[in-house]
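Q: Once you've had a glance at the structure underneath, I'll fire off some questions.
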Number of protein chains: 6
Amino acid sequence: MPEFKTHLIDGRTTPRFAGVCTFCRFPVMSPSDTPDWAVYGVPFDGGVTFRPGARFGPRAVRDASAYVKPYHVEHAVNIAEKLSLVDAGDAPVRPYSIKETLDSVAHWAGSIGDPKTTRLLAVGGDHSIAYANIRATWERRGKPSKGLGLIHFDSHLDTVDAVWGERWGHASPFIRAIEDGLVDPATMISVGVKGPLNTAADLDFALSRGVTVIRRDQLGAGDALGEFVRAHPGREWYLTFDVDVVDPAFAPGTGTPSIGGITTAEALSLLRSLRGADIVGADVVEVLPDRDVAGITALFAAHVVFEILSLDAARR
Amino acid sequence: MPEFKTHLIDGRTTPRFAGVCTFCRFPVMSPSDTPDWAVYGVPFDGGVTFRPGARFGPRAVRDASAYVKPYHVEHAVNIAEKLSLVDAGDAPVRPYSIKETLDSVAHWAGSIGDPKTTRLLAVGGDHSIAYANIRATWERRGKPSKGLGLIHFDSHLDTVDAVWGERWGHASPFIRAIEDGLVDPATMISVGVKGPLNTAADLDFALSRGVTVIRRDQLGAGDALGEFVRAHPGREWYLTFDVDVVDPAFAPGTGTPSIGGITTAEALSLLRSLRGADIVGADVVEVLPDRDVAGITALFAAHVVFEILSLDAARR
Amino acid sequence: MPEFKTHLIDGRTTPRFAGVCTFCRFPVMSPSDTPDWAVYGVPFDGGVTFRPGARFGPRAVRDASAYVKPYHVEHAVNIAEKLSLVDAGDAPVRPYSIKETLDSVAHWAGSIGDPKTTRLLAVGGDHSIAYANIRATWERRGKPSKGLGLIHFDSHLDTVDAVWGERWGHASPFIRAIEDGLVDPATMISVGVKGPLNTAADLDFALSRGVTVIRRDQLGAGDALGEFVRAHPGREWYLTFDVDVVDPAFAPGTGTPSIGGITTAEALSLLRSLRGADIVGADVVEVLPDRDVAGITALFAAHVVFEILSLDAARR
Amino acid sequence: MPEFKTHLIDGRTTPRFAGVCTFCRFPVMSPSDTPDWAVYGVPFDGGVTFRPGARFGPRAVRDASAYVKPYHVEHAVNIAEKLSLVDAGDAPVRPYSIKETLDSVAHWAGSIGDPKTTRLLAVGGDHSIAYANIRATWERRGKPSKGLGLIHFDSHLDTVDAVWGERWGHASPFIRAIEDGLVDPATMISVGVKGPLNTAADLDFALSRGVTVIRRDQLGAGDALGEFVRAHPGREWYLTFDVDVVDPAFAPGTGTPSIGGITTAEALSLLRSLRGADIVGADVVEVLPDRDVAGITALFAAHVVFEILSLDAARR
Amino acid sequence: MPEFKTHLIDGRTTPRFAGVCTFCRFPVMSPSDTPDWAVYGVPFDGGVTFRPGARFGPRAVRDASAYVKPYHVEHAVNIAEKLSLVDAGDAPVRPYSIKETLDSVAHWAGSIGDPKTTRLLAVGGDHSIAYANIRATWERRGKPSKGLGLIHFDSHLDTVDAVWGERWGHASPFIRAIEDGLVDPATMISVGVKGPLNTAADLDFALSRGVTVIRRDQLGAGDALGEFVRAHPGREWYLTFDVDVVDPAFAPGTGTPSIGGITTAEALSLLRSLRGADIVGADVVEVLPDRDVAGITALFAAHVVFEILSLDAARR
Amino acid sequence: MPEFKTHLIDGRTTPRFAGVCTFCRFPVMSPSDTPDWAVYGVPFDGGVTFRPGARFGPRAVRDASAYVKPYHVEHAVNIAEKLSLVDAGDAPVRPYSIKETLDSVAHWAGSIGDPKTTRLLAVGGDHSIAYANIRATWERRGKPSKGLGLIHFDSHLDTVDAVWGERWGHASPFIRAIEDGLVDPATMISVGVKGPLNTAADLDFALSRGVTVIRRDQLGAGDALGEFVRAHPGREWYLTFDVDVVDPAFAPGTGTPSIGGITTAEALSLLRSLRGADIVGADVVEVLPDRDVAGITALFAAHVVFEILSLDAARR
């Protein structure tokens with residue numbers, strides 16, 4: 001496939017179960033590469049409030065992603081043909097400090113590829129790391145004063161001010177990103193949110209800030225998400241995807257599972273409804289391999305990575 | 001939260017993974033307590049016809065329920081604010097005898113709290129134990145001659161006369177409850193029932209007694225369950241929930257799984273459609289932890305307990 | 001049940017967890033039997049392109065099928081009453097050669113029961129073995145020059161010409177069957193297909209041959225499958241069912257799982273929509289027990305066997 | 001292998017993972033067979049005091065035993081050559097009653113093969129079923145007034161009078177067998193016993209009855225077991241083997257695991273030290289598949305069956 | 001058992017699988033209790049350098065310990081008769097800070113029971129928490145200037161100065177305890193240590209400080225541990241037990257498993273060789289339930305708790 | 001560590017759970033590298049006679065080996081200091097043909113590094129692949145007419161002529177290597193072999209060829225293996241290690257587990273007894289991740305790789 005922008009190891013000569021694992025079998029990044037997208041891992045779970053273990057997430061997603069193929073049927077696009085893609089390795093983490101890790105990741109991510117053209121897709125790790133990738137993305141998009149648009153898939157709002165006195169944990173990335181001007185709550189949409197909650201205040205807070213919330217029980221046959229995105233033409237969007245938005249039957253390998261979630265088919269459908277949106281950065285988080293069964297959570301996360309890249313490939 | 005009726009250990013000081021486990025972190029019942037609801041376990045699986053192990057169900061549900069939070073988003077109610085709730089421990093069982101266990105449980109449950117105001121929610125154990133809690137509930141509701149209304153979630157009808165000569169096993173609680181006048185078949189509705197069956201007679205029997213059966217393939221976009229309940233205003237209902245009504249993908253940890261079931265999201269929707277019904281007693285049964293994966297069955301069962309309590313909290 | 005065509009061990013005297021396991025507790029075939037359907041295993045996984053282990057599939061399905069009961073509620077038919085059914089054991093395989101195995105299985109299957117009246121249901125094993133059972137079925141249906149109709153449930157098209165130079169692997173059974181005239185692409189329908197793919201060519205090829213493809217995202221409220229079948233009255237159909245058509249949450253125990261699949265409830269509904277079709281042979285394949293959880297994949301496969309037999313029982 | 005007494009399916013033509021499973025691939029017993037040994041299952045766990053599930057033990061042992069080969073290296077004997085061996089199926093059980101099950105099993109076992117020459121090896125099921133096979137063995141050995149010798153491998157003594165009022169549970173088979181004269185405590189030896197216990201009384205009782213107890217911490221380099229057996233020449237021995245005698249690392253799949261146990265290598269060595277003893281009946285019990293990992297407990301149990309048969313083959 | 005110092009729920013009336021779980025079914029501590037030993041949990045894993053999850057350790061050990069019986073056969077002592085024992089609940093933790101957690105735990109533990117007579121047994125959590133319980137123990141033993149003796153079971157030395165700049169993690173509790181004068185390296189013995197190591201410096205350091213190290217390959221038939229302890233008569237010992245000292249086959253559920261370890265039988269033998277030593281405090285750490293299989297690691301840890309208490313019961 | 005021959009990623013800056021996985025975190029080989037040892041994977045299981053899946057072995061060993069540290073305590077040597085070590089990736093395989101795979105692997109391995117100085121360590125894959133690495137090793141050692149010495153750890157002899165007509169499967173590598181003059185049976189020793197066998201002929205054959213066999217039950221306190229090796233001074237040895245030589249409790253993740261095996265501690269002791277032997281090539285095979293629990297089999301295999309490299313490091 002010499003004409004393709006990404007050289008994939010040919011599945012017809014080297015089986016998908018062979019070789020050193022990288023994200024979707026993309027090449028390991030070289031210092032001089034300036035890819036369209038750099039996919040990297042953040043093996044960090046120091047921000048969790050319940051069950052830890054997502055530090056092994058990037059490894060599990062690399063392993064499962066060996067089975068991701070490049071041609072997207074519904075979008076009719078081959079991501080390797082349209083995009084240059086690399087595995088940039090794992091960001092440096094500080095396992096004992098959330099804030100130091102976020103600073104370290106954001107700084108490191110800032111140096112990847114060409115700041116003007118290389119987009120960043122982080123694979124967690126817990127959701128706290130989204131802040132770091134949002135910051136790095138916001139910086140390389142020219143530090144827009146209005147902040148980025150945010151498309152947020154999750155069972156939880158993650159806009160809690162602090163847990164046990166910690167303001168940077170995985171319940172808080174978006175309140176921090178809003179406070180710091182990285183994200184504009186008027187163009188933030190949280191999809192798949194559900195209860196129960198500790199108090200009504202969690203939800204009230206997000207609504208009061210202008211965040212659009214589509215609860216899981218409000219998801220129906222309509223296309224509210226696609227409409228929201230199309231209502232803001234020209235917006236640059238950051239997409240953050242917490243795998244716990246799907247039901248634990250589909251994603252048991254996560255730290256704060258929430259029953260009554262959407263199916264993976266519904267998740268794919270929602271992602272595909274974003275066609276046309278300009279996704280300038282993204283993350284897929286909260287894969288916890290020790291609770292996974294038959295690798296289905298990691299396999300799903302790997303395909304979410306693929307769907308995100310396909311959105312950009314289809315748009316170009 | 002001093003004004004709340006139930007004092008919950010504050011998740012902001014004591015993590016949810018800490019401490020001795022009780023149902024939903026409710027306080028252990030004191031002898032003088034007269035709570036609105038007493039949740040108790042029945043660690044018994046002597047009534048099964050296939051795979052045993054549900055005796056470990058109460059323990060697994062206590063463990064998983066540590067993650068149940070008190071505020072119900074869709075009903076907009078905090079159960080701990082509206083209701084006084086306790087963990088009453090486990091009922092005394094006789095592992096080698098179904099009938100002795102049912103008598104022991106019913107007698108013990110009869111003595112919990114204030115017979116006039118304390119409602120009983122039993123966590124199984126196999127479905128045979130439903131009879132005991134129905135009897136105890138019927139007695140404290142004044143032994144209504146007409147019997148209680150029964151809302152029954154299950155893949156199976158559980159109205160078989162006897163299996164291997166045993167009339168009190170987990171295939172028979174409702175035929176016994178009907179025979180003994182505890183339940184009125186005219187206000188009994190079985191939701192989610194499906195085949196295959198040994199013979200057509202099982203289903204024919206229930207229908208002949210006037211039970212309303214909504215088969216799993218008959219569940220659609222409508223609100224047949226809510227309509228049934230609203231068609232009987234003023235009725236006191238007992239709710240019995242067998243976790244095998246949801247598909248084994250969502251509840252693998254159960255003894256007689258039945259493929260092609262509803263999703264947990266559908267189950268939540270059905271439960272919420274009961275809003276307004278006066279639930280005077282309930283059980284959640286057939287959690288078998290040794291077949292569970294990542295604790296998702298127990299987590300689901302814990303949230304069914306929460307949904308039932310929320311119905312009552314929302315009604316008051 | 002002396003009047004029934006199949007003598008099942010009575011579940012009322014011998015528990016379903018007892019005894020030597022056969023498919024659905026059907027009798028082991030005797031040399032002189034001429035049953036309506038012979039169910040047999042093909043413990044072979046030499047044709048896989050990714051994860052092996054389906055050689056243990058027949059054993060797992062036999063085990064799980066002990067819980068299959070004979071009365072089909074929705075079709076209102078008892079398969080044991082209407083049909084004579086046997087477990088014919090496992091076909092002889094050559095673990096080191098796909099082609100030799102296919103020849104061996106087809107030859108052996110050709111000798112089962114009465115070639116004119118006994119229909120064959122093979123339990124895999126990987127999907128490569130479908131070719132052998134299709135061949136045996138086509139032969140005993142009189143080698144129709146037009147080939148058989150094919151109803152194909154799968155996430156994958158399985159019409160790849162060759163993988164690593166091998167033309168008989170599990171990605172190729174239907175291209176071979178079409179080439180050899182066993183199947184008529186004009187009456188072949190593939191249901192539940194989805195991406196990603198290596199290239200668009202895989203899908204284009206099938207479409208160019210006239211195969212009707214209903215992608216997973218095209219499945220909706222309609223009855224396209226039933227309409228397709230009814231549009232070809234009098235056709236003899238072979239039904240091939242790859243368990244990976246359902247989502248990995250429902251069938252984790254398979255070798256090439258594909259996320260975003262249909263539910264088991266949707267699968268049952270699709271199968272039941274075939275009522276009236278004349279199914280003259282079938283297979284259920286790709287159960288990989290080492291990846292299964294709580295036996296739910298094998299349990300599902302066992303019920304697909306039951307659904308297929310019920311279609312024939314309901315038709316007669 | 002035409003000269004062999006047992007016709008085994010040839011592993012060189014039919015892989016060990018193929019076909020309907022029987023114990024060690026022995027033929028299914030025909031009514032007219034008079035084998036040297038009949039191996040049968042007892043799918044019963046109604047006698048347990050802790051974790052149930054051993055009713056699935058016979059099925060798991062049949063499955064695992066497909067990998068048992070017939071030539072014993074250390075004894076230099078081929079069991080299929082020396083002995084005629086069959087799988088006699090599962091005994092009829094009454095899941096809701098221990099005593100009825102014991103009567104049913106003993107009665108059924110009494111009718112197997114030639115009472116004078118066919119020896120019985122029961123595969124449990126929980127340890128309560130040992131009583132039934134001991135009774136059947138004692139009867140076909142001519143009801144010796146002195147009782148049989150008993151070689152007992154176990155972490156527990158199983159000589160408790162009653163638990164929760166039940167005298168026939170899995171803690172009591174040997175006190176009942178001693179009381180009924182089936183076993184002579186002077187020629188009973190319990191090997192591998194360990195604590196902790198509820199009270200010292202359990203152990204004191206066994207010792208007071210004259211049972212020889214070799215605690216797990218007393219097992220060393222010596223050959224106390226072999227010496228005990230050789231000290232009673234001409235004795236007919238019954239051998240009962242509870243898999244929980246080995247450490248849970250080697251046999252996790254059991255209901256009352258006891259840490260600090262012997263290894264499987266030590267168990268094999270102890271069994272082989274019995275060479276020369278006349279084993280007239282035996283059982284292998286307490287395999288609980290739902291707690292097993294990678295089938296290692298069932299695989300071990302299958303080889304204990306093989307070791308017992310090899311002792312008899314080597315003696316003849 | 002009215003004369004016993006600890007009132008245990010009678011296993012003859014309430015099955016061991018029933019009720020709210022406490023350590024070994026000991027009573028929950030009341031504020032006024034002054035027990036001989038208080039067993040408490042520390043649900044903290046913020047100090048790990050590899051795999052997290054031990055925060056769920058106390059919960060798993062409570063669950064498994066329901067099967068711990070009170071009579072120790074080899075020491076011939078009933079711990080409930082000799083000692084008053086309670087479950088003191090879980091210590092307050094600060095999930096995001098090791099040092100704050102250690103301070104919080106040590107302070108809280110300092111207030112338990114009677115400082116002069118109540119001894120403390122902490123169940124981890126990761127090994128970092130040992131420091132806190134050592135400090136609390138040292139304080140209530142009168143802050144001996146020489147420090148406590150330390151008996152240390154572990155695959156690792158845990159005397160690393162710092163990892164990733166953190167000096168309080170689970171690789172460092174004993175270097176900190178030595179530095180702070182809580183432990184006397186001359187009476188510290190580490191048993192079961194093995195490699196590989198990052199560098200030889202780790203081991204050299206411990207030896208240079210005078211720690212006695214018995215490597216796993218140096219453990220033989222002798223009684224070096226017992227001799228060491230007896231060589232220091234009158235010493236007050238703290239016992240710290242990391243479950244990873246046994247092989248992963250016996251304790252898979254731990255965060256830094258080390259292959260080639262001792263067996264649980266060897267561990268029990270070593271523990272029992274300490275008979276006579278005055279154990280004034282102890283911990284059992286590093287149980288990680290998400291990696292456990294069939295609960296065997298938690299079951300082992302529960303019995304280590306029992307063995308430690310038995311040593312004290314046997315000494316009194 | 002600039003003076004070390006192998007540059008390892010520093011565990012003090014990059015956690016062991018981070019980054020793209022290579023064997024023991026060795027650098028990925030560059031075309032111009034001429035390392036002392038090249039470790040490579042062979043993801044092939046087409047040679048198995050029972051349970052497949054070892055094709056995923058190299059991936060699992062890479063993952064587990066992230067926790068292998070470089071300093072060997074007992075040999076007092078740091079492998080990274082003494083040896084230059086690389087991960088050479090995976091050899092090209094032909095999944096559908098054993099012989100083509102062996103040819104492909106041997107040819108590819110022949111081209112790695114400097115044929116004169118680079119030694120090859122293959123990680124399987126099933127045991128059939130040993131032949132290829134033996135051939136490549138024999139060739140680069142100058143095709144010694146006498147063949148190489150062979151140190152063979154295994155529960156099985158692997159000297160079967162053919163299974164199902166196939167002469168190159170995993171039961172036959174050493175008979176082929178002997179026939180082809182690659183191995184000298186007079187200096188071949190098989191350690192840990194045990195039964196049962198299909199026939200006595202398997203063992204007789206090996207003995208008749210002059211192979212030294214130390215059965216598992218013959219392993220004792222002595223040093224027969226070390227003596228054998230020292231009895232042949234100057235010999236160049238190939239070491240082949242089948243993980244099924246240890247008991248399934250320690251290595252459940254393998255395809256033909258054999259109960260009653262040695263412990264991992266015994267395996268380490270045997271490996272270390274080889275100190276001084278000149279190991280010129282090696283393999284570690286038969287890791288089957290889908291049957292593994294908590295990764296203990298892969299972790300063990302990773303440490304066997306480390307022990308083999310340490311033998312060479314200690315010798316130099």
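Residues in the structure tokens are named by chain (A, B, ... in the order shown) and by number from 1 within that chain; ligands are numbered from 1 in the order shown.
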Only residues of chain B matter here; which ones have an atom within 6 Å of chain A, counting only C-alpha atoms? Give them as a list of chain:residue names.
A: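 That gives the following set of residues: B:Arg12, B:Lys69, B:Pro70, B:Tyr71, B:His72, B:Val73, B:Ala249, B:Phe250, B:Thr264, B:Ala265, B:Ala294.
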Q: Let's have the selection written as an mmCIF file, in the first residue's frame, with N, CA, C and O atoms.
A:
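Final file, result-v2.cif:
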```
data_model
loop_
_atom_site.group_PDB
_atom_site.id
_atom_site.type_symbol
_atom_site.label_atom_id
_atom_site.label_comp_id
_atom_site.auth_asym_id
_atom_site.auth_seq_id
_atom_site.Cartn_x
_atom_site.Cartn_y
_atom_site.Cartn_z
ATOM 1 N N ARG B 12 -17.657 11.505 51.312
ATOM 2 C CA ARG B 12 -16.590 12.497 51.179
ATOM 3 C C ARG B 12 -15.529 12.367 52.275
ATOM 4 O O ARG B 12 -14.489 12.995 52.223
ATOM 5 N N LYS B 69 -25.503 5.345 45.262
ATOM 6 C CA LYS B 69 -25.616 6.696 45.801
ATOM 7 C C LYS B 69 -27.085 7.016 46.039
ATOM 8 O O LYS B 69 -27.961 6.384 45.439
ATOM 9 N N PRO B 70 -27.400 7.987 46.889
ATOM 10 C CA PRO B 70 -28.792 8.122 47.338
ATOM 11 C C PRO B 70 -29.715 8.984 46.477
ATOM 12 O O PRO B 70 -30.934 8.909 46.635
ATOM 13 N N TYR B 71 -29.173 9.801 45.586
ATOM 14 C CA TYR B 71 -30.062 10.701 44.847
ATOM 15 C C TYR B 71 -30.461 10.101 43.503
ATOM 16 O O TYR B 71 -29.609 9.814 42.658
ATOM 17 N N HIS B 72 -31.787 9.964 43.309
ATOM 18 C CA HIS B 72 -32.313 9.380 42.079
ATOM 19 C C HIS B 72 -32.593 10.509 41.090
ATOM 20 O O HIS B 72 -33.471 11.346 41.323
ATOM 21 N N VAL B 73 -31.872 10.528 40.008
ATOM 22 C CA VAL B 73 -31.962 11.648 39.072
ATOM 23 C C VAL B 73 -33.331 11.735 38.401
ATOM 24 O O VAL B 73 -33.965 12.798 38.369
ATOM 25 N N ALA B 249 -26.046 -11.488 29.399
ATOM 26 C CA ALA B 249 -24.941 -10.564 29.165
ATOM 27 C C ALA B 249 -24.885 -9.515 30.273
ATOM 28 O O ALA B 249 -23.808 -9.071 30.664
ATOM 29 N N PHE B 250 -26.056 -9.145 30.789
ATOM 30 C CA PHE B 250 -26.151 -8.128 31.834
ATOM 31 C C PHE B 250 -26.154 -8.750 33.227
ATOM 32 O O PHE B 250 -25.786 -8.091 34.187
ATOM 33 N N THR B 264 -30.550 -4.011 30.998
ATOM 34 C CA THR B 264 -30.744 -3.356 32.291
ATOM 35 C C THR B 264 -31.403 -1.987 32.102
ATOM 36 O O THR B 264 -32.175 -1.548 32.958
ATOM 37 N N ALA B 265 -31.124 -1.340 30.996
ATOM 38 C CA ALA B 265 -31.767 -0.053 30.740
ATOM 39 C C ALA B 265 -33.275 -0.238 30.592
ATOM 40 O O ALA B 265 -34.072 0.568 31.107
ATOM 41 N N ALA B 294 -17.034 -9.510 36.893
ATOM 42 C CA ALA B 294 -16.779 -8.120 37.264
ATOM 43 C C ALA B 294 -17.866 -7.555 38.172
ATOM 44 O O ALA B 294 -18.060 -6.345 38.246
#
```
Q: Skip region 79-85 of chain B itself and residues of its chain fewer than 6 positions away, then list as a list in words all residues within 8 Å of it, counting only C-alpha atoms.
A: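 The residues that qualify are Glu3, Phe4, Lys5, Thr6, His7, Leu8, Phe26, Pro27, Pro35, Asp36, Trp37, Ala38, Val39, Pro70, Tyr71, His72, Leu309, Ser310, Ala313 and Arg316 of chain B.
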Q: As an MDAnalysis selection string, list the residues of region 72-311 of chain E assigned to strand (DSSP E) by DSSP on the backbone atoms of this structure.
A: chainID E and resid 72 77:78 85:90 119:124 148:153 183:193 212:215 236:242 278:285
Q: CA of Ile129 (chain B) and CA of Asp45 (chain B), how far apart in Å?
A: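 Computed distance, CA of Asp45 (chain B) to CA of Ile129 (chain B), equals 8.7 Å.
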Q: For Phe23 (chain B), work out the shell of residues within 7 Å, counting only C-alpha atoms and skipping chain neighbours fewer than 5 positions away, then give it as a list in words.
A: Arg62, Ser65 and Asp87 of chain B
Q: Find the residues around Asp312 (chain E) up to 7 Å (only C-alpha atoms counted), leave out those fewer than 4 positions away in its own chain, and share them as a list in words.
A: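 Skipping anything fewer than 4 positions along the chain leaves Asp278, Ile279, Ile308 and Arg316 of chain E.
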Q: Find the distance between CA of Gly169 (chain C) and CA of Trp108 (chain F) and write it in Å to one decimal.
A: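 Pair CA of Gly169 (chain C) / CA of Trp108 (chain F) returns 25.6 Å.
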Q: Can you list every residue in region 22-197 of chain B that DSSP puts in alpha helix (DSSP H), as a PyMOL selection string?
A: chain B and resi 57-64+79-82+98-110+130-140+173-179
Q: Residues near Arg55 (chain F), anyone? I mean within 9 Å using only C-alpha atoms, not counting same-chain ones fewer than 2 positions away, as a list in words.
A: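 After dropping sequence-adjacent residues, the list is Phe17 and Ala18 of chain A; Arg51 and Pro52 of chain C; Val42, Pro43, Phe44, Asp45, Gly46, Pro52, Gly53, Gly57, Pro58, Arg59, Gly124, Gly125, Asp126, Glu286, Val287 and Leu288 of chain F.
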Q: So how many Å separate CA of His107 (chain C) and CA of Asp180 (chain C), to one decimal?
A: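 Atom-to-atom, CA of His107 (chain C) and CA of Asp180 (chain C) are spaced 16.2 Å apart.
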Q: Quick one: of C:Ala282, C:Ile178, C:Ala277, C:Val211, who's nearest to Ala231 (chain C), counting only C-alpha atoms?
A: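 Ranked by minimum distance to Ala231 (chain C), first place goes to C:Ala277.
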Q: Please provide the set of residues having any atom within 8 Å of Leu148 (chain F), restricted to only C-alpha atoms, with same-chain residues fewer than 3 positions apart removed, written as a list in words.
A: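 In the requested format, the answer is Trp138, Pro144, Leu182, Val183, Asp184, Thr187, Arg235, Glu236, Trp237 and Tyr238 of chain F.
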Q: May I have the selected residues written with N, CA and C atoms, as a compact mmCIF listing (two decimals), in the first residue's frame?
A:
```txt
# COMPACT_ATOMS: atom_id res chain seq x y z
N TRP F 138 22.25 -24.51 15.43
CA TRP F 138 23.22 -25.52 14.95
C TRP F 138 24.00 -24.97 13.76
N PRO F 144 27.98 -28.49 13.69
CA PRO F 144 28.79 -29.57 14.27
C PRO F 144 28.21 -30.94 13.93
N LEU F 182 20.94 -32.67 14.34
CA LEU F 182 21.10 -31.39 15.01
C LEU F 182 21.37 -31.58 16.50
N VAL F 183 20.91 -32.69 17.02
CA VAL F 183 21.02 -33.00 18.44
C VAL F 183 21.62 -34.38 18.60
N ASP F 184 22.49 -34.50 19.60
CA ASP F 184 23.13 -35.78 19.90
C ASP F 184 22.39 -36.44 21.06
N THR F 187 23.96 -36.81 24.46
CA THR F 187 24.05 -35.64 25.34
C THR F 187 22.71 -34.90 25.38
N ARG F 235 31.01 -28.99 26.15
CA ARG F 235 29.84 -29.21 25.28
C ARG F 235 29.09 -27.89 25.07
N GLU F 236 28.60 -27.71 23.86
CA GLU F 236 27.69 -26.60 23.60
C GLU F 236 26.27 -27.12 23.75
N TRP F 237 25.50 -26.42 24.57
CA TRP F 237 24.16 -26.91 24.90
C TRP F 237 23.09 -25.99 24.32
N TYR F 238 22.02 -26.66 23.89
CA TYR F 238 20.79 -25.95 23.57
C TYR F 238 19.83 -26.27 24.70
```
Q: Could you pull the residues within 9 Å of Ser273 (chain D), counting only C-alpha atoms, minus those fewer than 4 positions along the same chain, as a ChimeraX atom specification?
A: /D:223,225-227,268-269
Q: Residues as selected, C-alpha atoms, written as a compact mmCIF listing (two decimals), in the first residue's frame, can you do that?
A:
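File result15.txt, as written:
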```
# COMPACT_ATOMS: atom_id res chain seq x y z
CA ASP D 223 5.83 -43.99 54.21
CA LEU D 225 0.43 -44.72 54.79
CA GLY D 226 2.04 -47.59 52.92
CA GLU D 227 3.12 -49.13 56.22
CA LEU D 268 0.24 -39.02 43.59
CA SER D 269 3.13 -40.31 45.64
```
Q: Looking at E:Ile9, E:Ala206, E:Val280, E:Cys24, which one is nearest to Gly234 (chain E), with distances taken over only C-alpha atoms?
A: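 Using only C-alpha atoms, the shortest distance to Gly234 (chain E) belongs to E:Val280.
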